[in-house]
file model.tsv (TSV, C-alpha atoms)
chain	number	residue	atom	x	y	z
A	6	MET	CA	10.31	-34.41	-43.59
A	7	LYS	CA	13.71	-34.45	-41.89
A	8	TYR	CA	14.16	-36.46	-38.70
A	9	TYR	CA	15.75	-33.70	-36.60
A	10	LEU	CA	13.53	-30.90	-35.30
A	11	HIS	CA	16.06	-28.19	-36.22
A	12	GLU	CA	16.25	-29.34	-39.86
A	13	ASN	CA	12.54	-28.69	-40.45
A	14	LYS	CA	10.39	-25.60	-40.95
A	15	TRP	CA	7.70	-24.69	-38.43
A	16	GLU	CA	5.00	-25.73	-40.90
A	17	ASP	CA	6.56	-29.20	-41.09
A	18	ILE	CA	6.23	-29.55	-37.32
A	19	GLU	CA	2.64	-28.34	-37.41
A	20	LYS	CA	1.83	-31.00	-40.02
A	21	TYR	CA	3.66	-33.74	-38.06
A	22	LEU	CA	1.60	-32.94	-34.96
A	23	GLU	CA	-1.64	-33.53	-36.88
A	24	ASP	CA	-0.92	-37.26	-36.88
A	25	LYS	CA	1.71	-37.88	-34.22
A	26	THR	CA	2.63	-36.42	-30.83
A	27	THR	CA	5.73	-38.47	-29.98
A	28	ILE	CA	9.27	-37.09	-30.08
A	29	ILE	CA	12.71	-38.42	-29.04
A	30	LEU	CA	15.18	-36.27	-27.07
A	31	PRO	CA	18.85	-37.42	-27.11
A	32	VAL	CA	20.86	-36.32	-24.06
A	33	GLY	CA	24.55	-37.06	-23.62
A	34	SER	CA	27.75	-35.65	-22.19
A	35	VAL	CA	31.09	-34.28	-23.32
A	36	GLU	CA	33.62	-35.98	-21.06
A	37	GLN	CA	36.82	-37.97	-21.13
A	38	HIS	CA	36.61	-41.59	-22.26
A	39	GLY	CA	40.14	-42.77	-21.68
A	40	LYS	CA	42.78	-42.53	-24.38
A	41	HIS	CA	40.95	-44.69	-26.90
A	42	LEU	CA	37.54	-42.97	-27.23
A	43	PRO	CA	36.56	-39.35	-28.02
A	44	LEU	CA	35.10	-36.87	-25.56
A	45	GLY	CA	31.75	-36.87	-27.37
A	46	THR	CA	31.13	-40.62	-27.01
A	47	ASP	CA	27.98	-40.38	-24.88
A	48	SER	CA	26.33	-37.72	-27.03
A	49	LEU	CA	27.29	-39.39	-30.30
A	50	LEU	CA	25.87	-42.74	-29.17
A	51	ALA	CA	22.62	-41.19	-27.89
A	52	GLN	CA	22.14	-39.58	-31.30
A	53	GLU	CA	22.92	-42.82	-33.14
A	54	VAL	CA	20.25	-44.66	-31.14
A	55	ALA	CA	17.74	-41.85	-31.72
A	56	GLN	CA	18.42	-41.83	-35.46
A	57	ASP	CA	18.01	-45.60	-35.80
A	58	VAL	CA	14.72	-45.52	-33.89
A	59	ALA	CA	13.46	-42.48	-35.78
A	60	LYS	CA	14.06	-44.08	-39.17
A	61	ALA	CA	12.26	-47.27	-38.15
A	62	THR	CA	9.25	-45.52	-36.63
A	63	ASP	CA	9.03	-42.17	-38.48
A	64	THR	CA	9.44	-40.35	-35.19
A	65	LEU	CA	10.84	-36.83	-34.90
A	66	ILE	CA	14.04	-36.19	-32.94
A	67	ALA	CA	14.41	-33.05	-30.80
A	68	SER	CA	17.69	-31.17	-31.14
A	69	PRO	CA	20.27	-33.07	-29.02
A	70	LEU	CA	21.55	-31.87	-25.66
A	71	TRP	CA	25.31	-32.44	-25.78
A	72	TYR	CA	26.25	-31.63	-22.18
A	73	GLY	CA	25.49	-33.59	-19.01
A	74	TRP	CA	26.41	-33.93	-15.34
A	75	ALA	CA	30.00	-35.21	-15.09
A	76	PRO	CA	31.91	-33.46	-12.26
A	77	HIS	CA	34.28	-36.38	-11.54
A	78	HIS	CA	35.40	-36.50	-15.17
A	79	MET	CA	36.76	-32.97	-14.76
A	80	ALA	CA	39.88	-34.84	-13.64
A	81	TYR	CA	40.76	-34.98	-17.35
A	82	PRO	CA	41.08	-32.11	-19.86
A	83	GLY	CA	38.25	-31.41	-22.29
A	84	THR	CA	35.40	-32.54	-20.02
A	85	VAL	CA	32.51	-30.09	-19.73
A	86	THR	CA	30.01	-30.52	-16.90
A	87	LEU	CA	26.76	-28.78	-16.07
A	88	ARG	CA	25.61	-28.36	-12.51
A	89	PRO	CA	22.81	-30.86	-11.84
A	90	GLU	CA	20.36	-28.00	-11.27
A	91	THR	CA	21.32	-26.55	-14.65
A	92	LEU	CA	20.71	-29.84	-16.44
A	93	THR	CA	17.36	-30.28	-14.67
A	94	ASP	CA	16.29	-26.74	-15.58
A	95	LEU	CA	17.49	-27.11	-19.17
A	96	VAL	CA	15.62	-30.38	-19.70
A	97	GLU	CA	12.49	-28.97	-18.02
A	98	ASP	CA	12.50	-25.99	-20.38
A	99	VAL	CA	12.97	-28.17	-23.45
A	100	LEU	CA	10.20	-30.55	-22.37
A	101	ASN	CA	7.79	-27.72	-21.57
A	102	SER	CA	8.53	-26.03	-24.90
A	103	LEU	CA	7.76	-29.23	-26.78
A	104	ILE	CA	4.60	-29.87	-24.77
A	105	TYR	CA	3.41	-26.29	-25.35
A	106	HIS	CA	3.45	-26.94	-29.11
A	107	GLY	CA	1.45	-30.16	-28.82
A	108	PHE	CA	3.86	-33.01	-28.17
A	109	LYS	CA	2.38	-35.36	-25.58
A	110	LYS	CA	4.88	-38.25	-25.46
A	111	ILE	CA	8.59	-37.59	-25.07
A	112	LEU	CA	11.25	-40.29	-24.79
A	113	ILE	CA	14.66	-39.17	-23.56
A	114	VAL	CA	17.52	-41.30	-24.91
A	115	ASN	CA	20.28	-40.92	-22.33
A	116	GLY	CA	23.77	-41.65	-23.64
A	117	HIS	CA	25.55	-40.78	-20.36
A	118	ARG	CA	24.05	-43.85	-18.77
A	119	GLU	CA	23.26	-43.83	-15.08
A	120	ALA	CA	25.31	-40.69	-14.30
A	121	ASN	CA	22.76	-38.33	-15.89
A	122	LEU	CA	19.76	-39.97	-14.28
A	123	PRO	CA	19.38	-37.97	-11.03
A	124	PRO	CA	18.86	-34.56	-12.71
A	125	LEU	CA	16.92	-36.11	-15.60
A	126	LYS	CA	14.52	-37.94	-13.28
A	127	ILE	CA	13.82	-34.75	-11.32
A	128	ALA	CA	12.96	-32.92	-14.56
A	129	LEU	CA	10.80	-35.85	-15.69
A	130	GLY	CA	8.91	-36.00	-12.40
A	131	ARG	CA	8.22	-32.28	-12.30
A	132	VAL	CA	7.06	-31.93	-15.88
A	133	ARG	CA	4.92	-35.03	-15.90
A	134	ASN	CA	3.14	-34.01	-12.72
A	135	GLN	CA	2.58	-30.46	-13.98
A	136	THR	CA	1.48	-31.26	-17.52
A	137	GLY	CA	0.24	-34.85	-17.63
A	138	ALA	CA	2.53	-35.59	-20.59
A	139	PHE	CA	4.19	-39.00	-20.80
A	140	ILE	CA	7.95	-38.69	-20.40
A	141	GLY	CA	10.27	-41.68	-20.25
A	142	ILE	CA	14.02	-42.29	-20.16
A	143	ALA	CA	15.72	-44.97	-22.24
A	144	ASP	CA	19.07	-45.59	-20.52
A	145	PRO	CA	21.39	-48.39	-21.78
A	146	PHE	CA	21.88	-49.85	-18.29
A	147	TYR	CA	18.10	-50.41	-18.09
A	148	ILE	CA	16.57	-50.58	-21.59
A	149	ASN	CA	19.37	-52.92	-22.74
A	150	ALA	CA	20.22	-54.69	-19.49
A	151	VAL	CA	19.60	-58.21	-20.82
A	152	ALA	CA	21.79	-57.78	-23.91
A	153	GLY	CA	24.46	-56.05	-21.84
A	154	LYS	CA	24.78	-59.07	-19.58
A	155	GLU	CA	24.55	-61.65	-22.37
A	156	LEU	CA	27.11	-60.03	-24.64
A	157	SER	CA	29.71	-59.02	-22.08
A	158	ASP	CA	32.86	-61.16	-21.98
A	159	VAL	CA	34.65	-59.29	-19.20
A	160	GLU	CA	35.07	-60.45	-15.63
A	161	PRO	CA	32.96	-58.97	-12.81
A	162	GLY	CA	33.86	-55.30	-12.43
A	163	GLY	CA	34.65	-55.00	-16.13
A	164	ILE	CA	31.70	-52.76	-16.97
A	165	GLY	CA	31.96	-49.15	-15.84
A	166	HIS	CA	33.23	-46.30	-18.00
A	167	ALA	CA	34.85	-46.35	-21.46
A	168	GLU	CA	34.80	-50.14	-21.24
A	169	GLU	CA	33.79	-53.10	-23.36
A	170	LEU	CA	30.21	-52.24	-24.33
A	171	GLU	CA	30.31	-48.54	-25.20
A	172	THR	CA	33.74	-49.04	-26.72
A	173	SER	CA	32.35	-51.79	-28.95
A	174	ILE	CA	29.58	-49.53	-30.27
A	175	MET	CA	32.07	-46.73	-30.95
A	176	TYR	CA	34.30	-49.15	-32.85
A	177	ASP	CA	31.29	-50.06	-35.00
A	178	ARG	CA	29.83	-46.58	-35.54
A	179	PHE	CA	32.81	-44.20	-35.30
A	180	PRO	CA	36.00	-46.19	-35.94
A	181	ASP	CA	37.80	-43.12	-37.29
A	182	LEU	CA	37.45	-41.41	-33.88
A	183	CYS	CA	38.81	-44.37	-31.89
A	184	SER	CA	42.31	-45.62	-31.00
A	185	PRO	CA	41.93	-49.34	-30.12
A	186	GLU	CA	45.65	-49.74	-29.47
A	187	LYS	CA	45.23	-47.45	-26.44
A	188	SER	CA	42.42	-49.46	-24.80
A	189	VAL	CA	43.20	-50.76	-21.31
A	190	ARG	CA	41.89	-52.94	-18.50
A	191	ASN	CA	41.31	-51.31	-15.11
A	192	ILE	CA	39.35	-53.39	-12.59
A	193	PRO	CA	39.91	-52.45	-8.93
A	194	GLU	CA	40.96	-55.49	-6.92
A	195	ASN	CA	40.94	-54.32	-3.31
A	196	HIS	CA	37.75	-52.29	-3.09
A	197	ASN	CA	35.13	-52.91	-0.43
A	198	LYS	CA	32.63	-55.59	-1.51
A	199	PHE	CA	29.73	-53.11	-1.25
A	200	LEU	CA	31.38	-50.60	-3.63
A	201	GLN	CA	30.75	-52.55	-6.82
A	202	HIS	CA	30.18	-50.30	-9.85
A	203	ASP	CA	29.45	-52.99	-12.46
A	204	PRO	CA	25.66	-53.12	-13.19
A	205	ASN	CA	26.01	-56.73	-14.36
A	206	VAL	CA	27.15	-57.84	-10.91
A	207	PHE	CA	24.11	-58.74	-8.84
A	208	THR	CA	25.09	-58.04	-5.27
A	209	ASP	CA	24.37	-55.74	-2.33
A	210	LYS	CA	25.74	-52.26	-3.01
A	211	ILE	CA	26.37	-48.89	-1.40
A	212	LEU	CA	25.94	-45.81	-3.60
A	213	THR	CA	28.59	-43.12	-3.30
A	214	ALA	CA	30.15	-40.34	-5.36
A	215	SER	CA	33.64	-39.73	-6.68
A	216	ASP	CA	35.49	-36.45	-6.46
A	217	VAL	CA	38.09	-35.37	-9.01
A	218	ASP	CA	41.14	-36.59	-7.07
A	219	HIS	CA	39.63	-39.95	-6.16
A	220	TYR	CA	38.38	-40.58	-9.69
A	221	LYS	CA	41.73	-39.79	-11.27
A	222	SER	CA	43.42	-42.21	-8.90
A	223	ALA	CA	40.77	-44.92	-9.33
A	224	THR	CA	41.08	-44.70	-13.12
A	225	ASN	CA	44.89	-44.87	-13.02
A	226	ASN	CA	45.40	-41.46	-14.63
A	227	ILE	CA	43.90	-42.89	-17.85
A	228	GLY	CA	40.14	-42.50	-17.39
A	229	VAL	CA	38.90	-46.07	-17.83
A	230	MET	CA	36.89	-47.97	-15.24
A	231	GLY	CA	36.48	-51.59	-16.34
A	232	ASP	CA	37.91	-53.51	-19.29
A	233	ALA	CA	37.96	-52.12	-22.82
A	234	THR	CA	40.41	-54.64	-24.27
A	235	SER	CA	37.78	-57.18	-25.35
A	236	ALA	CA	35.68	-54.65	-27.27
A	237	ASP	CA	34.96	-55.36	-30.93
A	238	PRO	CA	32.71	-53.75	-33.56
A	239	GLU	CA	30.57	-56.85	-34.18
A	240	LYS	CA	29.66	-57.00	-30.50
A	241	GLY	CA	28.89	-53.29	-30.66
A	242	LYS	CA	26.55	-53.78	-33.60
A	243	ILE	CA	24.62	-56.55	-31.87
A	244	TYR	CA	24.38	-54.53	-28.64
A	245	GLN	CA	23.18	-51.44	-30.51
A	246	ASP	CA	20.66	-53.41	-32.58
A	247	ARG	CA	19.18	-54.99	-29.45
A	248	MET	CA	18.83	-51.59	-27.79
A	249	VAL	CA	17.21	-50.04	-30.85
A	250	LYS	CA	14.80	-53.00	-31.14
A	251	ASN	CA	13.67	-52.50	-27.54
A	252	ILE	CA	13.10	-48.78	-27.99
A	253	ILE	CA	11.20	-49.32	-31.25
A	254	GLU	CA	8.90	-51.70	-29.42
A	255	PHE	CA	8.32	-49.10	-26.72
A	256	ILE	CA	7.71	-46.31	-29.24
A	257	LYS	CA	4.99	-48.47	-30.79
A	258	HIS	CA	3.45	-48.84	-27.35
A	259	LEU	CA	3.48	-45.06	-26.96
A	260	GLU	CA	1.51	-44.70	-30.19
A	261	SER	CA	-1.43	-46.49	-28.58
A	262	LEU	CA	-1.16	-44.64	-25.27
A	263	GLN	CA	-3.89	-42.11	-24.51
A	264	VAL	CA	-2.41	-38.98	-22.92
A	265	GLU	CA	-4.34	-35.88	-21.82
A	266	ILE	CA	-2.37	-32.67	-21.28
A	267	ARG	CA	-3.55	-30.76	-18.22
A	268	GLU	CA	-1.39	-27.66	-18.56
A	269	ARG	CA	0.88	-26.03	-21.16
A	270	ASN	CA	3.28	-23.30	-20.11
A	271	ILE	CA	5.95	-21.30	-21.91
A	272	PRO	CA	9.21	-21.42	-19.88
A	273	LEU	CA	9.68	-17.92	-18.46
call {"tool": "encode", "arguments": {"input": "model.tsv", "output": "structure tokens"}}
result
Amino acid sequence: MKYYLHENKWEDIEKYLEDKTTIILPVGSVEQHGKHLPLGTDSLLAQEVAQDVAKATDTLIASPLWYGWAPHHMAYPGTVTLRPETLTDLVEDVLNSLIYHGFKKILIVNGHREANLPPLKIALGRVRNQTGAFIGIADPFYINAVAGKELSDVEPGGIGHAEELETSIMYDRFPDLCSPEKSVRNIPENHNKFLQHDPNVFTDKILTASDVDHYKSATNNIGVMGDATSADPEKGKIYQDRMVKNIIEFIKHLESLQVEIRERNIPL
């Protein structure tokens, strides 16, 4: 059996569901990642995580969702963003389709990190309450928070977008798509103390949103928020391995979880 849903025949899926009802759904984004990383970084990394976990646990992977919610990244050419309502509706329809066929446990691997979470969490909440299925989100800022803090060598404010950690994984997994000589450091120095974007900085914070003009200015017309200059492939491998290990452990927990489906509906 192939690991991706779309590479199998319908009879293969029917047979899989006789023994297992867990599936992984990679969700990413197509958006600018500075001058050193490709537009598909978030989607590529979500799929890499899903593939590593699938091979270790014999778990099926749903066809990836490449696009996410990234309006501020429209400041740079090539970015594609969905409206948040569109992403929520899309994910709901995918989840409900999978549940209709007999999947009971769905783990979303989110490569767009915290930015995709608002629409994803709405979809998760709706579908779980309607169907009773277990749906979780594995997001690097949360499922790999410990490793992210331990492995990072940058100063406070150095983790944000197209920075050390995701750059390191890309250098390890997709070196041919990267341009390390174009990596930069961009850590705002005069921002208000409550507007700290770095998840590794434990402090009191205010949540806000960026518009296109503000984001382009804040990222110095390059697209990086944080420090990408200390990224290296070995760090990326360790970071990725730790994340995969955590998700494998959780997938094994899902195998023992008893889930009763209350309702199955075809999206109409």
call {"tool": "closest_atom_pairs", "arguments": {"input": "model.tsv", "of": "region 63-125 of chain A", "to": "region 224-239 of chain A", "cutoff": "12 Å", "atoms": "all atoms listed in the file", "output": "JSON lines"}}
result
{"residue": "A:His77", "atom": "CA", "partner": "A:Gly228", "partner_atom": "CA", "distance": 10.3}
{"residue": "A:His78", "atom": "CA", "partner": "A:Gly228", "partner_atom": "CA", "distance": 8.0}
{"residue": "A:Met79", "atom": "CA", "partner": "A:Gly228", "partner_atom": "CA", "distance": 10.4}
{"residue": "A:Ala80", "atom": "CA", "partner": "A:Gly228", "partner_atom": "CA", "distance": 8.5}
{"residue": "A:Tyr81", "atom": "CA", "partner": "A:Gly228", "partner_atom": "CA", "distance": 7.5}
{"residue": "A:Pro82", "atom": "CA", "partner": "A:Gly228", "partner_atom": "CA", "distance": 10.7}
{"residue": "A:Thr84", "atom": "CA", "partner": "A:Gly228", "partner_atom": "CA", "distance": 11.3}
call {"tool": "closest_residue", "arguments": {"input": "model.tsv", "among": "A:Ala143, A:Lys110, A:Gly33, A:Lys60", "to": "Val85 (chain A)", "atoms": "all atoms listed in the file"}}
result
A:Gly33
call {"tool": "closest_residue", "arguments": {"input": "model.tsv", "among": "A:Ser188, A:Thr46, A:Ser34, A:Thr213", "to": "Gly73 (chain A)", "atoms": "only C-alpha atoms"}}
result
A:Ser34
call {"tool": "closest_residue", "arguments": {"input": "model.tsv", "among": "A:Glu23, A:Asp57, A:Gln52, A:Asp216", "to": "Ile253 (chain A)", "atoms": "all atoms listed in the file"}}
result
A:Asp57
call {"tool": "residues_around", "arguments": {"input": "model.tsv", "residues": "Ser102 (chain A)", "least_positions_apart": "2", "cutoff": "12 Å", "atoms": "all atoms listed in the file", "output": "JSON, numbers by chain"}}
result
{"A": [67, 95, 96, 97, 98, 99, 100, 104, 105, 106, 107, 108, 109, 111, 132, 136, 268, 269, 270, 271, 272, 273]}
call {"tool": "closest_residue", "arguments": {"input": "model.tsv", "among": "A:Pro145, A:Gly163, A:Pro193, A:Gly130", "to": "Asn115 (chain A)", "atoms": "all atoms listed in the file"}}
result
A:Pro145
call {"tool": "closest_residue", "arguments": {"input": "model.tsv", "among": "A:Glu169, A:Ala152, A:Val32, A:Leu262", "to": "Leu49 (chain A)", "atoms": "only C-alpha atoms"}}
result
A:Val32
call {"tool": "closest_residue", "arguments": {"input": "model.tsv", "among": "A:Ala138, A:Leu30, A:Pro124, A:Trp71", "to": "Gln263 (chain A)", "atoms": "only C-alpha atoms"}}
result
A:Ala138
call {"tool": "atom_distance", "arguments": {"input": "model.tsv", "atom1": "CA of Pro185 (chain A)", "atom2": "CA of Asp246 (chain A)"}}
result
21.8 Å
call {"tool": "atom_distance", "arguments": {"input": "model.tsv", "atom1": "CA of Met175 (chain A)", "atom2": "CA of Tyr8 (chain A)"}}
result
22.1 Å
call {"tool": "residues_around", "arguments": {"input": "model.tsv", "residues": "Gly83 (chain A)", "least_positions_apart": "3", "cutoff": "9 Å", "atoms": "only C-alpha atoms", "output": "list in words"}}
result
Val35, Glu36, Gln37, Leu44 and Met79 of chain A
call {"tool": "residues_near_point", "arguments": {"input": "model.tsv", "point": "(37.2, -53.4, -4.9)", "cutoff": "12 Å", "atoms": "all atoms listed in the file", "output": "PyMOL selection string"}}
result
chain A and resi 161-163+191-203+210+223+230-231
call {"tool": "write_last_selection", "arguments": {"input": "model.tsv", "atoms": "C-alpha atoms", "output": "compact mmCIF listing (two decimals), in the coordinates of the input"}}
result
# COMPACT_ATOMS: atom_id res chain seq x y z
CA PRO A 161 32.96 -58.97 -12.81
CA GLY A 162 33.86 -55.30 -12.43
CA GLY A 163 34.65 -55.00 -16.13
CA ASN A 191 41.31 -51.31 -15.11
CA ILE A 192 39.35 -53.39 -12.59
CA PRO A 193 39.91 -52.45 -8.93
CA GLU A 194 40.96 -55.49 -6.92
CA ASN A 195 40.94 -54.32 -3.31
CA HIS A 196 37.75 -52.29 -3.09
CA ASN A 197 35.13 -52.91 -0.43
CA LYS A 198 32.63 -55.59 -1.51
CA PHE A 199 29.73 -53.11 -1.25
CA LEU A 200 31.38 -50.60 -3.63
CA GLN A 201 30.75 -52.55 -6.82
CA HIS A 202 30.18 -50.30 -9.85
CA ASP A 203 29.45 -52.99 -12.46
CA LYS A 210 25.74 -52.26 -3.01
CA ALA A 223 40.77 -44.92 -9.33
CA MET A 230 36.89 -47.97 -15.24
CA GLY A 231 36.48 -51.59 -16.34
call {"tool": "atom_distance", "arguments": {"input": "model.tsv", "atom1": "CA of Asp218 (chain A)", "atom2": "CA of Asp144 (chain A)"}}
result
27.4 Å
call {"tool": "residues_near_point", "arguments": {"input": "model.tsv", "point": "(19.1, -45.6, -33.3)", "cutoff": "9 Å", "atoms": "all atoms listed in the file", "output": "mmCIF file with C-alpha atoms, in the frame of the given file"}}
result
data_model
loop_
_atom_site.group_PDB
_atom_site.id
_atom_site.type_symbol
_atom_site.label_atom_id
_atom_site.label_comp_id
_atom_site.auth_asym_id
_atom_site.auth_seq_id
_atom_site.Cartn_x
_atom_site.Cartn_y
_atom_site.Cartn_z
ATOM 1 C CA LEU A 50 25.870 -42.740 -29.170
ATOM 2 C CA ALA A 51 22.620 -41.190 -27.890
ATOM 3 C CA GLN A 52 22.140 -39.580 -31.300
ATOM 4 C CA GLU A 53 22.920 -42.820 -33.140
ATOM 5 C CA VAL A 54 20.250 -44.660 -31.140
ATOM 6 C CA ALA A 55 17.740 -41.850 -31.720
ATOM 7 C CA GLN A 56 18.420 -41.830 -35.460
ATOM 8 C CA ASP A 57 18.010 -45.600 -35.800
ATOM 9 C CA VAL A 58 14.720 -45.520 -33.890
ATOM 10 C CA ALA A 59 13.460 -42.480 -35.780
ATOM 11 C CA LYS A 60 14.060 -44.080 -39.170
ATOM 12 C CA ALA A 61 12.260 -47.270 -38.150
ATOM 13 C CA GLN A 245 23.180 -51.440 -30.510
ATOM 14 C CA ASP A 246 20.660 -53.410 -32.580
ATOM 15 C CA MET A 248 18.830 -51.590 -27.790
ATOM 16 C CA VAL A 249 17.210 -50.040 -30.850
ATOM 17 C CA LYS A 250 14.800 -53.000 -31.140
ATOM 18 C CA ILE A 252 13.100 -48.780 -27.990
ATOM 19 C CA ILE A 253 11.200 -49.320 -31.250
#
call {"tool": "residues_around", "arguments": {"input": "model.tsv", "residues": "region 12-21 of chain A", "least_positions_apart": "4", "cutoff": "12 Å", "atoms": "only C-alpha atoms", "output": "ChimeraX atom specification"}}
result
/A:6-8,25-28,63-68,103,106-108
call {"tool": "decode", "arguments": {"input": "model.tsv", "residues": "region 183-205 of chain A", "atoms": "N, CA and C atoms", "output": "PDB file, in the first residue's frame"}}
result
ATOM      1  N   CYS A 183      17.388  25.989  -1.880  1.00  0.00           N
ATOM      2  CA  CYS A 183      17.775  27.054  -0.956  1.00  0.00           C
ATOM      3  C   CYS A 183      18.986  27.848  -1.461  1.00  0.00           C
ATOM      4  N   SER A 184      19.088  29.086  -0.978  1.00  0.00           N
ATOM      5  CA  SER A 184      20.218  29.964  -1.306  1.00  0.00           C
ATOM      6  C   SER A 184      20.788  30.533  -0.009  1.00  0.00           C
ATOM      7  N   PRO A 185      21.615  29.750   0.705  1.00  0.00           N
ATOM      8  CA  PRO A 185      22.126  30.180   2.016  1.00  0.00           C
ATOM      9  C   PRO A 185      22.857  31.518   1.994  1.00  0.00           C
ATOM     10  N   GLU A 186      23.488  31.838   0.894  1.00  0.00           N
ATOM     11  CA  GLU A 186      24.235  33.102   0.814  1.00  0.00           C
ATOM     12  C   GLU A 186      23.319  34.322   0.887  1.00  0.00           C
ATOM     13  N   LYS A 187      22.005  34.107   0.727  1.00  0.00           N
ATOM     14  CA  LYS A 187      21.053  35.216   0.783  1.00  0.00           C
ATOM     15  C   LYS A 187      20.321  35.291   2.127  1.00  0.00           C
ATOM     16  N   SER A 188      20.696  34.454   3.087  1.00  0.00           N
ATOM     17  CA  SER A 188      20.052  34.487   4.400  1.00  0.00           C
ATOM     18  C   SER A 188      20.446  35.765   5.132  1.00  0.00           C
ATOM     19  N   VAL A 189      19.532  36.281   5.962  1.00  0.00           N
ATOM     20  CA  VAL A 189      19.775  37.554   6.649  1.00  0.00           C
ATOM     21  C   VAL A 189      19.306  37.476   8.095  1.00  0.00           C
ATOM     22  N   ARG A 190      19.700  38.488   8.857  1.00  0.00           N
ATOM     23  CA  ARG A 190      19.224  38.681  10.221  1.00  0.00           C
ATOM     24  C   ARG A 190      18.337  39.911  10.240  1.00  0.00           C
ATOM     25  N   ASN A 191      17.122  39.782  10.791  1.00  0.00           N
ATOM     26  CA  ASN A 191      16.229  40.934  10.922  1.00  0.00           C
ATOM     27  C   ASN A 191      15.463  40.814  12.236  1.00  0.00           C
ATOM     28  N   ILE A 192      16.000  41.423  13.273  1.00  0.00           N
ATOM     29  CA  ILE A 192      15.362  41.418  14.599  1.00  0.00           C
ATOM     30  C   ILE A 192      15.033  42.858  14.973  1.00  0.00           C
ATOM     31  N   PRO A 193      13.751  43.214  15.026  1.00  0.00           N
ATOM     32  CA  PRO A 193      13.370  44.584  15.384  1.00  0.00           C
ATOM     33  C   PRO A 193      13.935  44.980  16.745  1.00  0.00           C
ATOM     34  N   GLU A 194      14.459  46.184  16.824  1.00  0.00           N
ATOM     35  CA  GLU A 194      15.111  46.623  18.061  1.00  0.00           C
ATOM     36  C   GLU A 194      14.281  47.609  18.864  1.00  0.00           C
ATOM     37  N   ASN A 195      13.379  48.314  18.228  1.00  0.00           N
ATOM     38  CA  ASN A 195      12.656  49.379  18.936  1.00  0.00           C
ATOM     39  C   ASN A 195      11.157  49.113  19.049  1.00  0.00           C
ATOM     40  N   HIS A 196      10.767  47.839  18.984  1.00  0.00           N
ATOM     41  CA  HIS A 196       9.343  47.554  19.097  1.00  0.00           C
ATOM     42  C   HIS A 196       8.902  47.608  20.557  1.00  0.00           C
ATOM     43  N   ASN A 197       7.606  47.777  20.750  1.00  0.00           N
ATOM     44  CA  ASN A 197       7.042  47.782  22.095  1.00  0.00           C
ATOM     45  C   ASN A 197       7.279  46.431  22.765  1.00  0.00           C
ATOM     46  N   LYS A 198       7.556  46.429  24.053  1.00  0.00           N
ATOM     47  CA  LYS A 198       7.913  45.189  24.757  1.00  0.00           C
ATOM     48  C   LYS A 198       6.807  44.138  24.713  1.00  0.00           C
ATOM     49  N   PHE A 199       5.548  44.556  24.514  1.00  0.00           N
ATOM     50  CA  PHE A 199       4.447  43.600  24.471  1.00  0.00           C
ATOM     51  C   PHE A 199       4.263  42.980  23.085  1.00  0.00           C
ATOM     52  N   LEU A 200       4.939  43.526  22.065  1.00  0.00           N
ATOM     53  CA  LEU A 200       4.782  43.031  20.694  1.00  0.00           C
ATOM     54  C   LEU A 200       5.945  42.119  20.322  1.00  0.00           C
ATOM     55  N   GLN A 201       6.132  41.084  21.114  1.00  0.00           N
ATOM     56  CA  GLN A 201       7.211  40.125  20.911  1.00  0.00           C
ATOM     57  C   GLN A 201       6.664  38.929  20.125  1.00  0.00           C
ATOM     58  N   HIS A 202       7.247  38.652  18.953  1.00  0.00           N
ATOM     59  CA  HIS A 202       6.740  37.587  18.089  1.00  0.00           C
ATOM     60  C   HIS A 202       7.406  36.237  18.338  1.00  0.00           C
ATOM     61  N   ASP A 203       8.553  36.228  18.999  1.00  0.00           N
ATOM     62  CA  ASP A 203       9.343  35.012  19.169  1.00  0.00           C
ATOM     63  C   ASP A 203       8.683  34.092  20.203  1.00  0.00           C
ATOM     64  N   PRO A 204       8.253  32.865  19.810  1.00  0.00           N
ATOM     65  CA  PRO A 204       7.584  31.961  20.760  1.00  0.00           C
ATOM     66  C   PRO A 204       8.506  31.470  21.864  1.00  0.00           C
ATOM     67  N   ASN A 205       9.826  31.575  21.657  1.00  0.00           N
ATOM     68  CA  ASN A 205      10.774  31.127  22.677  1.00  0.00           C
ATOM     69  C   ASN A 205      10.993  32.158  23.780  1.00  0.00           C
TER      70      ASN A 205
END
